[in-house]
file protein-v4.tsv (TSV, C-alpha atoms and all ligand atoms)
chain	number	residue	atom	x	y	z
T	1	MET	CA	16.83	25.42	2.51
T	2	PHE	CA	17.87	22.80	5.05
T	3	PHE	CA	16.22	21.68	8.26
T	4	ASP	CA	16.63	18.98	10.87
T	5	PRO	CA	13.17	17.44	11.43
T	6	ALA	CA	14.07	16.44	15.00
T	7	GLU	CA	14.67	20.11	15.83
T	8	VAL	CA	11.96	22.00	13.95
T	9	GLY	CA	9.40	19.35	13.08
T	10	MET	CA	7.89	18.80	9.66
T	11	LYS	CA	6.25	22.20	9.14
T	12	PRO	CA	9.01	24.82	9.33
T	13	PRO	CA	8.27	28.16	7.57
T	14	PRO	CA	7.26	28.65	4.79
T	15	PHE	CA	5.44	25.32	4.77
T	16	LYS	CA	1.74	25.35	5.58
T	17	HIS	CA	1.43	21.59	5.92
T	18	THR	CA	3.58	18.66	6.96
T	19	VAL	CA	6.09	18.55	4.14
T	20	TYR	CA	7.65	15.09	4.42
T	21	ASN	CA	4.98	13.19	2.51
T	22	ALA	CA	5.69	15.35	-0.54
T	23	LEU	CA	9.41	14.52	-0.56
T	24	VAL	CA	9.37	10.85	-1.53
T	25	VAL	CA	6.95	10.58	-4.43
T	26	PRO	CA	5.27	8.93	-6.18
T	27	ARG	CA	4.45	6.19	-3.69
T	28	PRO	CA	2.54	3.03	-4.57
T	29	ILE	CA	-0.55	2.44	-2.47
T	30	GLY	CA	-0.69	-0.85	-0.62
T	31	TRP	CA	-4.37	-1.59	-0.22
T	32	ILE	CA	-4.13	-4.12	2.58
T	33	SER	CA	-6.86	-6.57	3.60
T	34	THR	CA	-6.66	-8.55	6.82
T	35	ILE	CA	-9.11	-10.43	9.01
T	36	ASP	CA	-9.49	-10.42	12.77
T	37	GLU	CA	-9.80	-13.55	14.91
T	38	ASP	CA	-13.56	-13.64	14.21
T	39	GLY	CA	-12.98	-13.46	10.44
T	40	ILE	CA	-14.20	-9.84	10.07
T	41	ILE	CA	-12.53	-8.18	7.07
T	42	ASN	CA	-10.48	-5.00	7.41
T	43	LEU	CA	-9.25	-3.03	4.40
T	44	ALA	CA	-7.08	0.12	4.49
T	45	PRO	CA	-4.64	1.96	2.20
T	46	PHE	CA	-0.97	2.42	3.12
T	47	SER	CA	1.33	4.54	0.96
T	48	PHE	CA	4.32	3.71	3.11
T	49	PHE	CA	4.31	0.48	1.15
T	50	ASN	CA	6.65	-1.17	-1.29
T	51	SER	CA	8.04	-4.36	-2.75
T	52	LEU	CA	11.31	-5.37	-1.07
T	53	SER	CA	12.55	-8.25	-3.18
T	54	ALA	CA	11.59	-10.30	-6.22
T	55	ASP	CA	12.79	-13.80	-5.37
T	56	PRO	CA	11.31	-14.73	-3.04
T	57	PRO	CA	8.93	-11.80	-3.39
T	58	CYS	CA	8.52	-9.83	-0.17
T	59	VAL	CA	6.61	-6.62	0.55
T	60	MET	CA	6.38	-4.15	3.40
T	61	PHE	CA	3.86	-1.61	4.67
T	62	CYS	CA	3.80	0.73	7.65
T	63	PRO	CA	0.69	0.90	9.85
T	64	ASN	CA	1.87	3.86	11.89
T	65	GLY	CA	0.51	5.81	14.79
T	66	ARG	CA	-2.63	5.22	16.75
T	67	LYS	CA	-6.25	4.84	15.81
T	68	PRO	CA	-7.66	8.37	15.75
T	69	GLY	CA	-8.87	9.40	19.20
T	70	THR	CA	-7.49	6.32	20.97
T	71	GLU	CA	-4.26	4.93	22.37
T	72	GLU	CA	-4.69	1.77	20.30
T	73	ILE	CA	-2.73	0.58	17.29
T	74	LYS	CA	-4.46	0.47	13.89
T	75	ASP	CA	-6.73	-2.50	13.17
T	76	THR	CA	-4.55	-3.66	10.27
T	77	LEU	CA	-1.52	-4.05	12.55
T	78	ALA	CA	-3.53	-5.74	15.31
T	79	ASN	CA	-5.03	-8.18	12.78
T	80	VAL	CA	-1.83	-9.04	10.95
T	81	GLU	CA	0.10	-9.69	14.16
T	82	LYS	CA	-2.68	-12.01	15.40
T	83	THR	CA	-3.75	-13.82	12.25
T	84	LYS	CA	-0.37	-13.69	10.38
T	85	GLU	CA	-1.70	-13.08	6.88
T	86	PHE	CA	-2.52	-10.12	4.65
T	87	VAL	CA	-3.35	-9.38	1.04
T	88	TYR	CA	-2.23	-6.50	-1.17
T	89	SER	CA	-4.67	-5.40	-3.85
T	90	MET	CA	-3.47	-2.83	-6.35
T	91	CYS	CA	-5.31	0.46	-6.24
T	92	THR	CA	-6.14	1.74	-9.71
T	93	TYR	CA	-7.47	5.13	-10.82
T	94	ALA	CA	-10.95	3.58	-11.20
T	95	LEU	CA	-10.82	2.48	-7.55
T	96	ARG	CA	-9.68	5.82	-6.10
T	97	GLU	CA	-12.99	6.69	-4.42
T	98	PRO	CA	-13.53	3.34	-2.66
T	99	MET	CA	-9.84	3.42	-1.69
T	100	VAL	CA	-10.16	6.72	0.19
T	101	ALA	CA	-13.42	5.47	1.70
T	102	THR	CA	-11.45	2.62	3.30
T	103	ALA	CA	-9.05	5.13	4.93
T	104	VAL	CA	-11.83	6.34	7.22
T	105	HIS	CA	-11.39	4.91	10.67
T	106	GLU	CA	-14.14	2.39	11.44
T	107	PRO	CA	-14.53	0.57	14.74
T	108	ALA	CA	-12.88	-2.88	14.82
T	109	GLY	CA	-15.41	-5.45	13.65
T	110	VAL	CA	-16.80	-3.43	10.71
T	111	ASP	CA	-16.28	-5.06	7.29
T	112	GLU	CA	-14.61	-2.11	5.54
T	113	LEU	CA	-14.46	-3.84	2.18
T	114	ALA	CA	-18.24	-4.25	1.98
T	115	LYS	CA	-18.81	-0.77	3.48
T	116	ALA	CA	-16.84	0.76	0.56
T	117	GLY	CA	-19.13	-1.07	-1.89
T	118	LEU	CA	-16.42	-3.51	-2.93
T	119	GLU	CA	-16.64	-7.25	-3.49
T	120	ALA	CA	-14.42	-9.69	-1.62
T	121	ALA	CA	-12.85	-12.42	-3.77
T	122	PRO	CA	-11.45	-15.50	-2.05
T	123	CYS	CA	-7.72	-16.14	-1.92
T	124	GLU	CA	-6.05	-19.48	-2.58
T	125	LYS	CA	-3.50	-19.74	0.25
T	126	VAL	CA	-4.50	-17.15	2.87
T	127	LYS	CA	-7.78	-16.41	4.63
T	128	PRO	CA	-8.15	-12.63	4.06
T	129	PRO	CA	-9.91	-11.92	0.74
T	130	ARG	CA	-8.63	-9.70	-2.05
T	131	VAL	CA	-10.53	-6.81	-3.63
T	132	LYS	CA	-12.32	-8.43	-6.57
T	133	GLU	CA	-12.41	-5.18	-8.60
T	134	SER	CA	-8.58	-4.86	-8.49
T	135	PRO	CA	-6.65	-6.47	-11.39
T	136	ILE	CA	-3.62	-7.46	-9.29
T	137	ALA	CA	-3.38	-8.98	-5.81
T	138	LEU	CA	-0.61	-10.53	-3.74
T	139	GLU	CA	-1.37	-13.08	-1.03
T	140	CYS	CA	1.13	-12.62	1.82
T	141	THR	CA	2.18	-14.37	5.00
T	142	TYR	CA	3.41	-12.24	7.88
T	143	MET	CA	7.14	-12.43	8.63
T	144	GLN	CA	7.89	-9.74	11.21
T	145	THR	CA	7.24	-6.25	12.48
T	146	VAL	CA	10.21	-3.90	12.63
T	147	HIS	CA	9.75	-1.11	15.17
T	148	LEU	CA	11.03	2.29	14.08
T	149	PRO	CA	11.75	5.08	16.60
T	150	GLU	CA	8.57	6.38	18.24
T	151	ALA	CA	6.86	9.44	16.76
T	152	ARG	CA	7.14	12.75	18.62
T	153	ASP	CA	3.64	12.13	20.03
T	154	GLY	CA	4.91	8.81	21.41
T	155	SER	CA	2.97	6.62	18.98
T	156	ARG	CA	4.41	3.48	17.44
T	157	GLN	CA	5.95	3.46	13.96
T	158	ASN	CA	5.97	0.00	12.45
T	159	VAL	CA	7.17	-1.78	9.33
T	160	VAL	CA	5.29	-5.01	8.60
T	161	ILE	CA	7.17	-7.37	6.31
T	162	GLY	CA	5.52	-10.27	4.53
T	163	GLN	CA	6.33	-12.90	1.95
T	164	VAL	CA	4.21	-13.19	-1.19
T	165	VAL	CA	2.85	-16.72	-1.42
T	166	GLY	CA	0.27	-16.26	-4.18
T	167	ILE	CA	-0.19	-13.88	-7.11
T	168	HIS	CA	-3.43	-12.94	-8.91
T	169	ILE	CA	-3.30	-11.14	-12.27
T	170	ASP	CA	-6.50	-10.49	-14.21
T	171	GLU	CA	-6.29	-11.76	-17.81
T	172	SER	CA	-7.66	-8.41	-19.02
T	173	VAL	CA	-4.39	-6.60	-18.21
T	174	ILE	CA	-2.08	-9.11	-19.95
T	175	THR	CA	-1.03	-8.14	-23.50
T	176	ASP	CA	1.52	-10.11	-25.59
T	177	GLY	CA	3.01	-11.77	-22.54
T	178	ILE	CA	3.47	-8.66	-20.40
T	179	VAL	CA	1.44	-6.96	-17.72
T	180	ASP	CA	0.17	-3.92	-19.60
T	181	VAL	CA	0.50	-1.05	-17.14
T	182	LYS	CA	-1.53	1.15	-19.47
T	183	LYS	CA	-4.48	-1.15	-18.94
T	184	VAL	CA	-3.85	-1.44	-15.21
T	185	ASN	CA	-3.87	2.39	-14.77
T	186	PRO	CA	-2.31	2.38	-11.26
T	187	LEU	CA	-2.84	5.19	-8.78
T	188	ALA	CA	0.12	6.74	-6.94
T	189	ARG	CA	0.21	8.84	-3.78
T	190	LEU	CA	1.92	12.24	-3.83
T	191	GLY	CA	2.09	14.80	-1.01
T	192	TYR	CA	-0.84	16.59	0.62
T	193	LEU	CA	-4.12	15.42	-0.98
T	194	GLN	CA	-2.46	14.87	-4.35
T	195	TYR	CA	-2.42	11.69	-6.40
T	196	ALA	CA	-1.21	10.72	-9.87
T	197	GLN	CA	-2.28	8.06	-12.31
T	198	ILE	CA	-0.16	6.08	-14.77
T	199	THR	CA	-1.75	6.46	-18.20
T	200	ALA	CA	-0.81	5.46	-21.76
T	201	ASP	CA	0.53	9.03	-22.28
T	202	ASN	CA	3.15	8.92	-19.55
T	203	VAL	CA	4.66	5.45	-19.96
T	204	PHE	CA	7.87	5.09	-22.00
T	205	ASP	CA	10.72	2.59	-22.42
T	206	LEU	CA	14.33	3.33	-21.47
T	207	SER	CA	17.18	0.83	-21.82
T	208	PRO	CA	20.54	1.04	-20.08
T	209	PRO	CA	23.53	1.38	-22.48
T	210	GLY	CA	24.08	-2.05	-24.03
T	211	GLY	CA	20.50	-3.10	-23.41
T	212	ASP	CA	18.94	-5.14	-20.67
T	213	HIS	CA	19.32	-8.90	-21.17
T	214	ARG	CA	16.08	-9.57	-19.32
T	215	TYR	CA	13.98	-7.90	-21.99
T	216	GLU	CA	15.87	-8.61	-25.24
T	217	LYS	CA	13.68	-9.94	-28.03
T	218	LYS	CA	14.32	-13.59	-28.93
T	219	SER	CA	13.90	-13.78	-32.73
D	301	LIG	C1	-3.64	7.11	0.18
D	301	LIG	C2	-3.51	6.86	1.66
D	301	LIG	C3	-2.34	6.36	2.15
D	301	LIG	C4	-2.17	6.09	3.52
D	301	LIG	N1	-0.99	5.60	3.97
D	301	LIG	C5	-0.84	5.29	5.27
D	301	LIG	C6	0.39	4.71	5.74
D	301	LIG	O1	1.33	4.47	5.00
D	301	LIG	N2	0.48	4.41	7.07
D	301	LIG	C7	-0.57	4.64	7.93
D	301	LIG	O2	-0.44	4.33	9.11
D	301	LIG	N3	-1.73	5.17	7.51
D	301	LIG	C8	-1.90	5.49	6.21
D	301	LIG	N4	-3.09	6.00	5.76
D	301	LIG	C9	-4.20	6.12	6.72
D	301	LIG	C10	-4.86	4.76	6.97
D	301	LIG	O3	-5.38	4.22	5.76
D	301	LIG	C11	-6.01	4.93	8.00
D	301	LIG	O4	-5.44	5.29	9.25
D	301	LIG	C12	-6.86	3.71	8.15
D	301	LIG	O5	-8.01	4.08	8.91
D	301	LIG	C13	-6.19	2.59	8.91
D	301	LIG	O6	-7.15	1.59	9.01
D	301	LIG	P1	-7.16	0.46	10.11
D	301	LIG	O7	-7.25	1.12	11.49
D	301	LIG	O8	-8.41	-0.28	9.74
D	301	LIG	O9	-5.93	-0.34	9.97
D	301	LIG	C14	-3.26	6.32	4.41
D	301	LIG	C15	-4.46	6.86	3.91
D	301	LIG	C16	-4.58	7.13	2.54
D	301	LIG	C17	-5.86	7.69	2.00

call {"tool": "encode", "arguments": {"input": "protein-v4.tsv", "output": "structure tokens"}}
result
Amino acid sequence: MFFDPAEVGMKPPPFKHTVYNALVVPRPIGWISTIDEDGIINLAPFSFFNSLSADPPCVMFCPNGRKPGTEEIKDTLANVEKTKEFVYSMCTYALREPMVATAVHEPAGVDELAKAGLEAAPCEKVKPPRVKESPIALECTYMQTVHLPEARDGSRQNVVIGQVVGIHIDESVITDGIVDVKKVNPLARLGYLQYAQITADNVFDLSPPGGDHRYEKKS
């Protein structure tokens, strides 16, 4: 089948639910902490998130739409545009429940990290904390917001871009000089209410023909 989303929307027959989120999968989950001007911590997951470049490392996430029931932008976007810093903490399978707890809309001024039963660990170069229970965190400074075309309900669609200025990796996930993804056990977002986890069973190596010079063994 083919459809033009501008003409028929995202739920043409036979689809029962908005279909777009199931079409680009798996997506990493950017678990983004920010603070407001009073230093109150905000934490929320964003699966429109990714790394953009490795050197210098830059990331992006998309706090889209309005706060539920209001005309206002999401707290994460308001905070990052005012205080110019954010932190990505990796969401792992073990952290799936607290992660979804932080997707619930709370009034501005509620510390969502503490409310989800998580511990805040201090960062080195930025003021927002990272999620202590997460094995990987990226400290980021805000670069810019790119405005995408408005949604059909008129709400704002935004891409926040930041530069990574500090990297935390827990020693427990480092094996023989590599980050051991099997120990990290990352969580990925699929469509609908579906998620996937990276486990030891579904990780494998694949080299391009001729090998990849970045990973050749030095004997
Ligand atoms: C796994 C997951 C991924 C999400 N991804 C996004 C996203 O990419 N963009 C977005 O605007 N909201 C996304 N949400 C919803 C936000 O997390 C939710 O609106 C949150 O309340 C925003 O918090 P804030 O108002 O404190 O910024 C996602 C929710 C979940 C559970």

call {"tool": "atom_distance", "arguments": {"input": "protein-v4.tsv", "atom1": "atom CA of Lys132 of chain T", "atom2": "atom CA of Phe204 of chain T"}}
result
28.8 Å

call {"tool": "axis_aligned_box", "arguments": {"input": "protein-v4.tsv", "around": "segment 103-119 of chain T", "padding_each_side": "5 Å", "output": "AutoDock Vina command-line options"}}
result
--center_x -14.1 --center_y -0.5 --center_z 5.7 --size_x 20.1 --size_y 23.6 --size_z 28.3

call {"tool": "residues_near_ligand", "arguments": {"input": "protein-v4.tsv", "ligand": "ligand LIG 301 (chain D)", "cutoff": "7 Å", "atoms": "all atoms listed in the file", "output": "list of chain:residue names"}}
result
T:Ile29, T:Asn42, T:Leu43, T:Ala44, T:Pro45, T:Phe46, T:Ser47, T:Phe48, T:Phe49, T:Phe61, T:Cys62, T:Pro63, T:Asn64, T:Gly65, T:Lys67, T:Lys74, T:Asp75, T:Thr76, T:Leu77, T:Met99, T:Val100, T:Thr102, T:Ala103, T:Val104, T:His105, T:Glu106, T:Arg189

call {"tool": "atom_distance", "arguments": {"input": "protein-v4.tsv", "atom1": "atom CA of Arg214 of chain T", "atom2": "atom CA of Arg27 of chain T"}}
result
25.1 Å

call {"tool": "residues_around", "arguments": {"input": "protein-v4.tsv", "residues": "Ser53 of chain T", "least_positions_apart": "2", "cutoff": "12 Å", "atoms": "all atoms listed in the file", "output": "list in words"}}
result
Asn50, Ser51, Asp55, Pro56, Pro57, Cys58, Val59, Met60, Ile161, Gly162, Gln163 and Val164 of chain T

call {"tool": "atom_distance", "arguments": {"input": "protein-v4.tsv", "atom1": "atom CA of Pro128 of chain T", "atom2": "atom CA of Pro107 of chain T"}}
result
18.1 Å

call {"tool": "residues_around", "arguments": {"input": "protein-v4.tsv", "residues": "segment 199-201 of chain T", "least_positions_apart": "6", "cutoff": "9 Å", "atoms": "all atoms listed in the file", "output": "NGL selection string"}}
result
:T and (181-186)

call {"tool": "closest_atom_pairs", "arguments": {"input": "protein-v4.tsv", "of": "segment 119-162 of chain T", "to": "segment 38-41 of chain T", "cutoff": "10 Å", "atoms": "only C-alpha atoms", "output": "Markdown table"}}
result
| residue | atom | partner | partner_atom | distance |
| --- | --- | --- | --- | --- |
| T:Ala120 | CA | T:Ile41 | CA | 9.0 |
| T:Lys127 | CA | T:Gly39 | CA | 8.3 |
| T:Pro128 | CA | T:Ile41 | CA | 6.9 |
| T:Pro129 | CA | T:Ile41 | CA | 7.8 |

call {"tool": "closest_residue", "arguments": {"input": "protein-v4.tsv", "among": "T:Val110, T:Ala151, T:Ile169, T:Val8", "to": "Glu133 of chain T", "atoms": "all atoms listed in the file"}}
result
T:Ile169

call {"tool": "residues_around", "arguments": {"input": "protein-v4.tsv", "residues": "Gln194 of chain T", "least_positions_apart": "3", "cutoff": "10 Å", "atoms": "only C-alpha atoms", "output": "mmCIF file with C-alpha atoms, in the frame of the given file"}}
result
data_model
loop_
_atom_site.group_PDB
_atom_site.id
_atom_site.type_symbol
_atom_site.label_atom_id
_atom_site.label_comp_id
_atom_site.auth_asym_id
_atom_site.auth_seq_id
_atom_site.Cartn_x
_atom_site.Cartn_y
_atom_site.Cartn_z
ATOM 1 C CA ALA T 22 5.690 15.350 -0.540
ATOM 2 C CA PRO T 26 5.270 8.930 -6.180
ATOM 3 C CA ALA T 188 0.120 6.740 -6.940
ATOM 4 C CA ARG T 189 0.210 8.840 -3.780
ATOM 5 C CA LEU T 190 1.920 12.240 -3.830
ATOM 6 C CA GLY T 191 2.090 14.800 -1.010
#

call {"tool": "closest_residue", "arguments": {"input": "protein-v4.tsv", "among": "T:Asn79, T:Asp4, T:Ala121, T:Asp180", "to": "Ala108 of chain T", "atoms": "all atoms listed in the file"}}
result
T:Asn79
